[in-house]
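Here is the structure we will look at.
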Amino acid sequence: MQDLMTIKDASIWASKHISKDVTPSNISYLIQYGRISKNGDNGSAFVNRYDLEKYYNSHLGTKEDRWKKQLGDDLNWNLSFSEYKESETTKHVHRLHPYKGKFIPQLVEYFLDQHTDKFKNEVFFNPIDIILDPFCGSGTTLVQANELGLNSVGIDISAFNAFISNVKVGKYDIDDIRNTANEITQNLKIFLQEKNNVKFEDELLSELRIFNNKFFPSPEFKHKVRQKAIDEKFYGKQKSEKFSEIYYKLIGKYNISLKQRRNDLFLDKWFLKVVRDEINFVFQQIKPIKNLETKKLLALVLSRTIRSCRATTHSDLGTLKEPVTSTYYCKKHGKICKPLFSILSWWQSYVQDTIKRINQFDKLRTKTFQNCLTGDSRTINVFDELEKKYPAFGKLAKENKIAGIFSSPPYVGLIDYHEQHAYSYDLFGFERKDELEIGPLCKGQGLEARKSYIKGISDVLNNCKQFLKQGYDVFLVANDKYGLYSQIAELSNMKIVNEYKRPVLNRVEKDRSAYAEIIFHMKEK
Ligand SMILES: C[S@@+](CC[C@H](N)C(=O)[O-])C[C@H]1O[C@@H](n2cnc3c(N)ncnc32)[C@H](O)[C@@H]1O
């Protein structure tokens, strides 16, 4: 059966069908990734309504019902925030730098703001209160507290995470940032004129375009893979070997150095030699910047840039496997892809993106205190450290005390938080304190790891309690698959007064199965 619609009409039809905003680019994505087939040629693409209906019925259906069947009827669907677009869950400074393990800003807002609804029938915090996040990570709590007119203090054991948090809530001179960044870009371009890699990459790209058009036409190729008309693994390997002949010829022609001489640092292992030279060049340009705020922000832009330029395949960007120094068949894009040979284009695009995001946040920010301290939340004296580094905020905190905690502790055995930003530790020389991380991936999820996790989190709560007001509210977002939080509350002399079970829809992991986390609300016993 056929009922052809333009992409725009398809998006209108789909929006009505699933009662959710579906944009024309969502439809193009479905075509691009072979989920539905494209009809028509010469720039005019049509979609068959029956294909679209079949796709949505099988993929979306009643997700809420299916998830409740698996996870229980007490799942609070309101906390899925499924009505928010990705651009809203990664709004303004929240996307200044990648960070694995952050919570979404709407979740923080839900508990910190003044609204009530049928699930939240109490307001927990008031403007000018101070909120503590003892596992601050990339600073989501700090940013949202600022938007809502609350003060907040974060703590993180990872100096680089504390750096990301503080940069996000920083106040900037946008003109100075733009001018300084432009100067660095110009200098980088001059540096590149003496090198061969830009010319090499241009020729490589044009060869790749010809090759991919011929052997991986889009979207037909992906469609055939989905229909199992092509053995993707075999075909991809065969074509990738064929292209590598062209690739190595070009490497020879332009005399490109791929490997670095040393292999001990992350920066030596995971970056092509040509890329590493550019990273060093830009870092040397950032070092003498006089305006400290501009310097920190551009250092974060460089960090984001180099993360995107690691020598890995597109599908392994999240979990690195092996350094990649040649072209390869990319499962994600369904064609032959290449590693990066220059940081220039990422640097330029992240400079633009950062300025845009800083500007957006600047319009929303309130005049409140937000700072992240680097330290171990089990032992840190929050008031003393705050007073040393930020005297006015320290004084206010000592006088008023802290109203409560909103935080997501590390989950047991899931992520190594220092290691995920190893490139930045190498480049900037921040001190690493891996051994003080609570529940790191490297210690696993066994009995010993769980015991030490319970002790770690309850030590944090016991230490932080002394800085909290009487009648405090503590909210901890956790994946408690081992049921450890009742013991944690007990050891901290707190009681769990409520549990909000939220479905996690936009997971970054490859595993997209039904999954819930719990927001534990605890109070003094
Ligand atoms: C789940 S993440 C927090 C993410 C944060 N909510 C966000 O949105 O970015 C947990 C954080 O706890 C930090 N952490 C682990 N052990 C710690 C300790 N002993 N003291 C302070 N922070 C610690 C980790 O470095 C990590 O950044």
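Each chain of the structure tokens is named A, B, ... in the order shown, its residues numbered from 1; ligands are numbered from 1 in display order.
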Would you pick out the contacts of Ser408 (chain A) at 12 Å or less, using only C-alpha atoms, so that residues sharing its chain but fewer than 2 positions from it are not included, and give the list as a PyMOL selection string? chain A and resi 101-104+107-108+132-141+154-156+405-406+410-412+457+474-480+517-520
Output the selection as a compact mmCIF listing (two decimals), in the first residue's frame - C-alpha atoms for each residue.
```
# COMPACT_ATOMS: atom_id res chain seq x y z
CA GLY A 101 27.25 10.39 34.15
CA LYS A 102 25.47 13.73 34.44
CA PHE A 103 21.83 14.14 35.34
CA ILE A 104 19.46 16.27 33.30
CA LEU A 107 15.38 16.82 37.19
CA VAL A 108 17.32 19.27 39.35
CA LEU A 132 25.20 21.45 48.56
CA ASP A 133 26.19 18.94 45.88
CA PRO A 134 28.96 16.75 47.36
CA PHE A 135 29.32 14.83 44.05
CA CYS A 136 29.23 17.88 41.83
CA GLY A 137 30.53 16.24 38.62
CA SER A 138 30.11 18.67 35.74
CA GLY A 139 28.08 21.15 37.80
CA THR A 140 24.45 20.57 36.75
CA THR A 141 23.17 21.42 40.25
CA GLY A 154 29.76 21.74 44.95
CA ILE A 155 32.55 19.35 45.88
CA ASP A 156 34.30 16.91 43.59
CA ILE A 405 21.72 18.39 49.44
CA PHE A 406 20.85 17.61 45.85
CA PRO A 410 28.70 7.71 41.62
CA TYR A 411 26.95 4.37 41.11
CA VAL A 412 28.86 1.35 42.31
CA ILE A 457 28.56 7.35 50.73
CA VAL A 474 18.69 15.46 51.25
CA PHE A 475 17.96 14.21 47.72
CA LEU A 476 20.17 11.52 46.23
CA VAL A 477 19.65 10.27 42.68
CA ALA A 478 20.84 6.68 42.51
CA ASN A 479 20.69 3.47 40.58
CA ASP A 480 20.21 1.27 43.62
CA GLU A 517 16.68 5.28 38.95
CA ILE A 518 15.47 6.39 42.37
CA ILE A 519 15.55 9.79 43.94
CA PHE A 520 15.83 9.12 47.66
```
Per DSSP on the backbone, what are the alpha helix (DSSP H) residues of region 216-435 of chain A, as a ChimeraX atom specification? /A:220-226,232-254,266-269,273-286,292-308,344-364,382-389,391-400,422-428
Shell of 12 Å around region 286-296 of chain A, only C-alpha atoms, local chain residues under 4 positions omitted, as a PyMOL selection string: chain A and resi 160+163-185+187-188+279-282+300-303+351+354-355+358+427-428
With C-alpha atoms retained, could you export that selection as a PDB file, in the first residue's frame?
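In the end it all went to part_8.pdb:
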```pdb
ATOM      1  CA  PHE A 160      39.062  18.503  36.234  1.00  0.00           C
ATOM      2  CA  PHE A 163      37.139  22.905  36.764  1.00  0.00           C
ATOM      3  CA  ILE A 164      34.299  22.133  34.303  1.00  0.00           C
ATOM      4  CA  SER A 165      31.727  23.118  36.963  1.00  0.00           C
ATOM      5  CA  ASN A 166      33.422  26.408  37.803  1.00  0.00           C
ATOM      6  CA  VAL A 167      33.878  27.338  34.150  1.00  0.00           C
ATOM      7  CA  LYS A 168      30.167  26.714  33.506  1.00  0.00           C
ATOM      8  CA  VAL A 169      29.053  29.135  36.191  1.00  0.00           C
ATOM      9  CA  GLY A 170      31.778  31.727  35.427  1.00  0.00           C
ATOM     10  CA  LYS A 171      30.997  35.288  34.308  1.00  0.00           C
ATOM     11  CA  TYR A 172      32.749  36.319  31.089  1.00  0.00           C
ATOM     12  CA  ASP A 173      33.738  39.258  28.925  1.00  0.00           C
ATOM     13  CA  ILE A 174      32.373  37.888  25.655  1.00  0.00           C
ATOM     14  CA  ASP A 175      34.261  40.376  23.428  1.00  0.00           C
ATOM     15  CA  ASP A 176      37.548  39.422  25.035  1.00  0.00           C
ATOM     16  CA  ILE A 177      36.785  35.744  24.479  1.00  0.00           C
ATOM     17  CA  ARG A 178      35.870  36.281  20.837  1.00  0.00           C
ATOM     18  CA  ASN A 179      38.967  38.401  20.082  1.00  0.00           C
ATOM     19  CA  THR A 180      41.383  36.112  21.916  1.00  0.00           C
ATOM     20  CA  ALA A 181      39.942  32.984  20.308  1.00  0.00           C
ATOM     21  CA  ASN A 182      40.096  34.585  16.829  1.00  0.00           C
ATOM     22  CA  GLU A 183      43.729  35.453  17.349  1.00  0.00           C
ATOM     23  CA  ILE A 184      44.536  31.870  18.321  1.00  0.00           C
ATOM     24  CA  THR A 185      42.640  30.561  15.290  1.00  0.00           C
ATOM     25  CA  ASN A 187      47.887  31.745  14.522  1.00  0.00           C
ATOM     26  CA  LEU A 188      46.878  28.111  14.172  1.00  0.00           C
ATOM     27  CA  ILE A 279      47.219  20.611  20.493  1.00  0.00           C
ATOM     28  CA  ASN A 280      50.583  21.673  21.918  1.00  0.00           C
ATOM     29  CA  PHE A 281      50.602  24.745  19.692  1.00  0.00           C
ATOM     30  CA  VAL A 282      47.152  25.930  20.860  1.00  0.00           C
ATOM     31  CA  LEU A 300      37.912  24.110  28.351  1.00  0.00           C
ATOM     32  CA  VAL A 301      37.244  24.675  24.644  1.00  0.00           C
ATOM     33  CA  LEU A 302      40.634  23.108  23.887  1.00  0.00           C
ATOM     34  CA  SER A 303      39.801  20.156  26.104  1.00  0.00           C
ATOM     35  CA  VAL A 351      34.629  28.367  19.986  1.00  0.00           C
ATOM     36  CA  THR A 354      30.776  28.069  23.494  1.00  0.00           C
ATOM     37  CA  ILE A 355      30.251  31.787  22.884  1.00  0.00           C
ATOM     38  CA  ILE A 358      27.746  31.499  27.424  1.00  0.00           C
ATOM     39  CA  LEU A 427      47.588  18.321  29.079  1.00  0.00           C
ATOM     40  CA  PHE A 428      46.793  20.659  31.964  1.00  0.00           C
TER      41      PHE A 428
END
```
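If only C-alpha atoms and all ligand atoms are the atoms counted, then among A:Lys54, A:Arg261, A:Arg432, A:Lys269 the closest residue to ligand 1 is A:Arg432.
You can rank A:Asn161, A:Asn213, A:Gln284, A:Ser342 by their closest distance to Leu373 (chain A) using only C-alpha atoms, and at the top of that list sits A:Asn161.
Distances here use only C-alpha atoms; by that measure, the residue among A:His94, A:Lys63, A:Lys242, A:Arg304 closest to Tyr350 (chain A) is A:Arg304.
Using only C-alpha atoms, the shortest contact distance between Phe430 (chain A) and any of A:Arg502, A:His418, A:Lys16, A:Lys189 is found at A:His418.
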Which residues are close to Thr366 (chain A), i.e. within 8 Å by only C-alpha atoms, leaving aside same-chain residues fewer than 6 positions away? Reply as a list in words.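 So, after excluding close chain neighbours, the residues are Asn146, Glu147, Leu148 and Gly149 of chain A.
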Once you count only C-alpha atoms, what closest atom pair and distance in Å to one decimal does each residue of region 359-390 of chain A within 12 Å of region 442-456 of chain A have, with rows by chain and rising residue number, as a Markdown table?
```
| residue | atom | partner | partner_atom | distance |
| --- | --- | --- | --- | --- |
| A:Asp376 | CA | A:Gly456 | CA | 10.2 |
| A:Ser377 | CA | A:Gly456 | CA | 9.3 |
| A:Arg378 | CA | A:Gly456 | CA | 7.2 |
| A:Thr379 | CA | A:Gly456 | CA | 10.7 |
```
In terms of only C-alpha atoms and all ligand atoms, the residue from A:Pro24, A:Pro98, A:Gly252, A:Pro323 at minimal distance from ligand 1 is A:Pro98
Applying 12 Å and only C-alpha atoms, which residues near Leu317 (chain A) remain after dropping the ones on its own chain fewer than 2 positions away? List them as a PyMOL selection string. chain A and resi 98+100+270+306-315+319-324+330+332+339+420+508-509
Okay, now the selection with C-alpha atoms, as a CSV table (one decimal), in the first residue's frame?
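Saved file result04.csv follows:
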```csv
chain,number,residue,atom,x,y,z
A,98,PRO,CA,31.2,16.1,27.5
A,100,LYS,CA,29.7,10.8,31.2
A,270,TRP,CA,45.4,8.4,21.5
A,306,ILE,CA,40.9,17.3,21.8
A,307,ARG,CA,38.3,14.9,23.1
A,308,SER,CA,36.7,15.0,19.7
A,309,CYS,CA,40.0,14.5,18.0
A,310,ARG,CA,41.1,11.2,19.7
A,311,ALA,CA,42.3,8.6,17.2
A,312,THR,CA,39.3,6.3,17.5
A,313,THR,CA,36.4,5.2,15.5
A,314,HIS,CA,33.1,7.1,15.6
A,315,SER,CA,31.3,4.3,17.4
A,319,THR,CA,34.4,3.7,25.3
A,320,LEU,CA,37.8,3.7,23.7
A,321,LYS,CA,39.1,0.4,22.4
A,322,GLU,CA,42.2,0.7,20.2
A,323,PRO,CA,43.9,3.8,18.7
A,324,VAL,CA,43.0,4.0,15.0
A,330,CYS,CA,32.2,2.9,10.3
A,332,LYS,CA,27.6,4.2,12.8
A,339,PRO,CA,40.5,9.6,12.0
A,420,GLN,CA,37.3,9.6,31.5
A,508,VAL,CA,23.9,7.4,26.6
A,509,GLU,CA,24.8,3.8,26.9
```
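Across A:Glu499, A:Glu232, A:Asp9, A:Glu419, the tightest approach to ligand 1 is made by A:Glu419 when counting only C-alpha atoms and all ligand atoms.
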Report as a VMD selection string all protein, DNA and RNA residues lying within 10 Å of Ser37 (chain A), evaluated on only C-alpha atoms, omitting residues in the same chain fewer than 2 positions from it. chain A and resid 30 to 35 39 45 to 48 51 to 52 219 to 220 222 to 223
Contacts of region 200-202 of chain A within 7 Å, only C-alpha atoms, excl. fewer than 5 positions in-chain, as a PyMOL selection string: chain A and resi 250+254+341
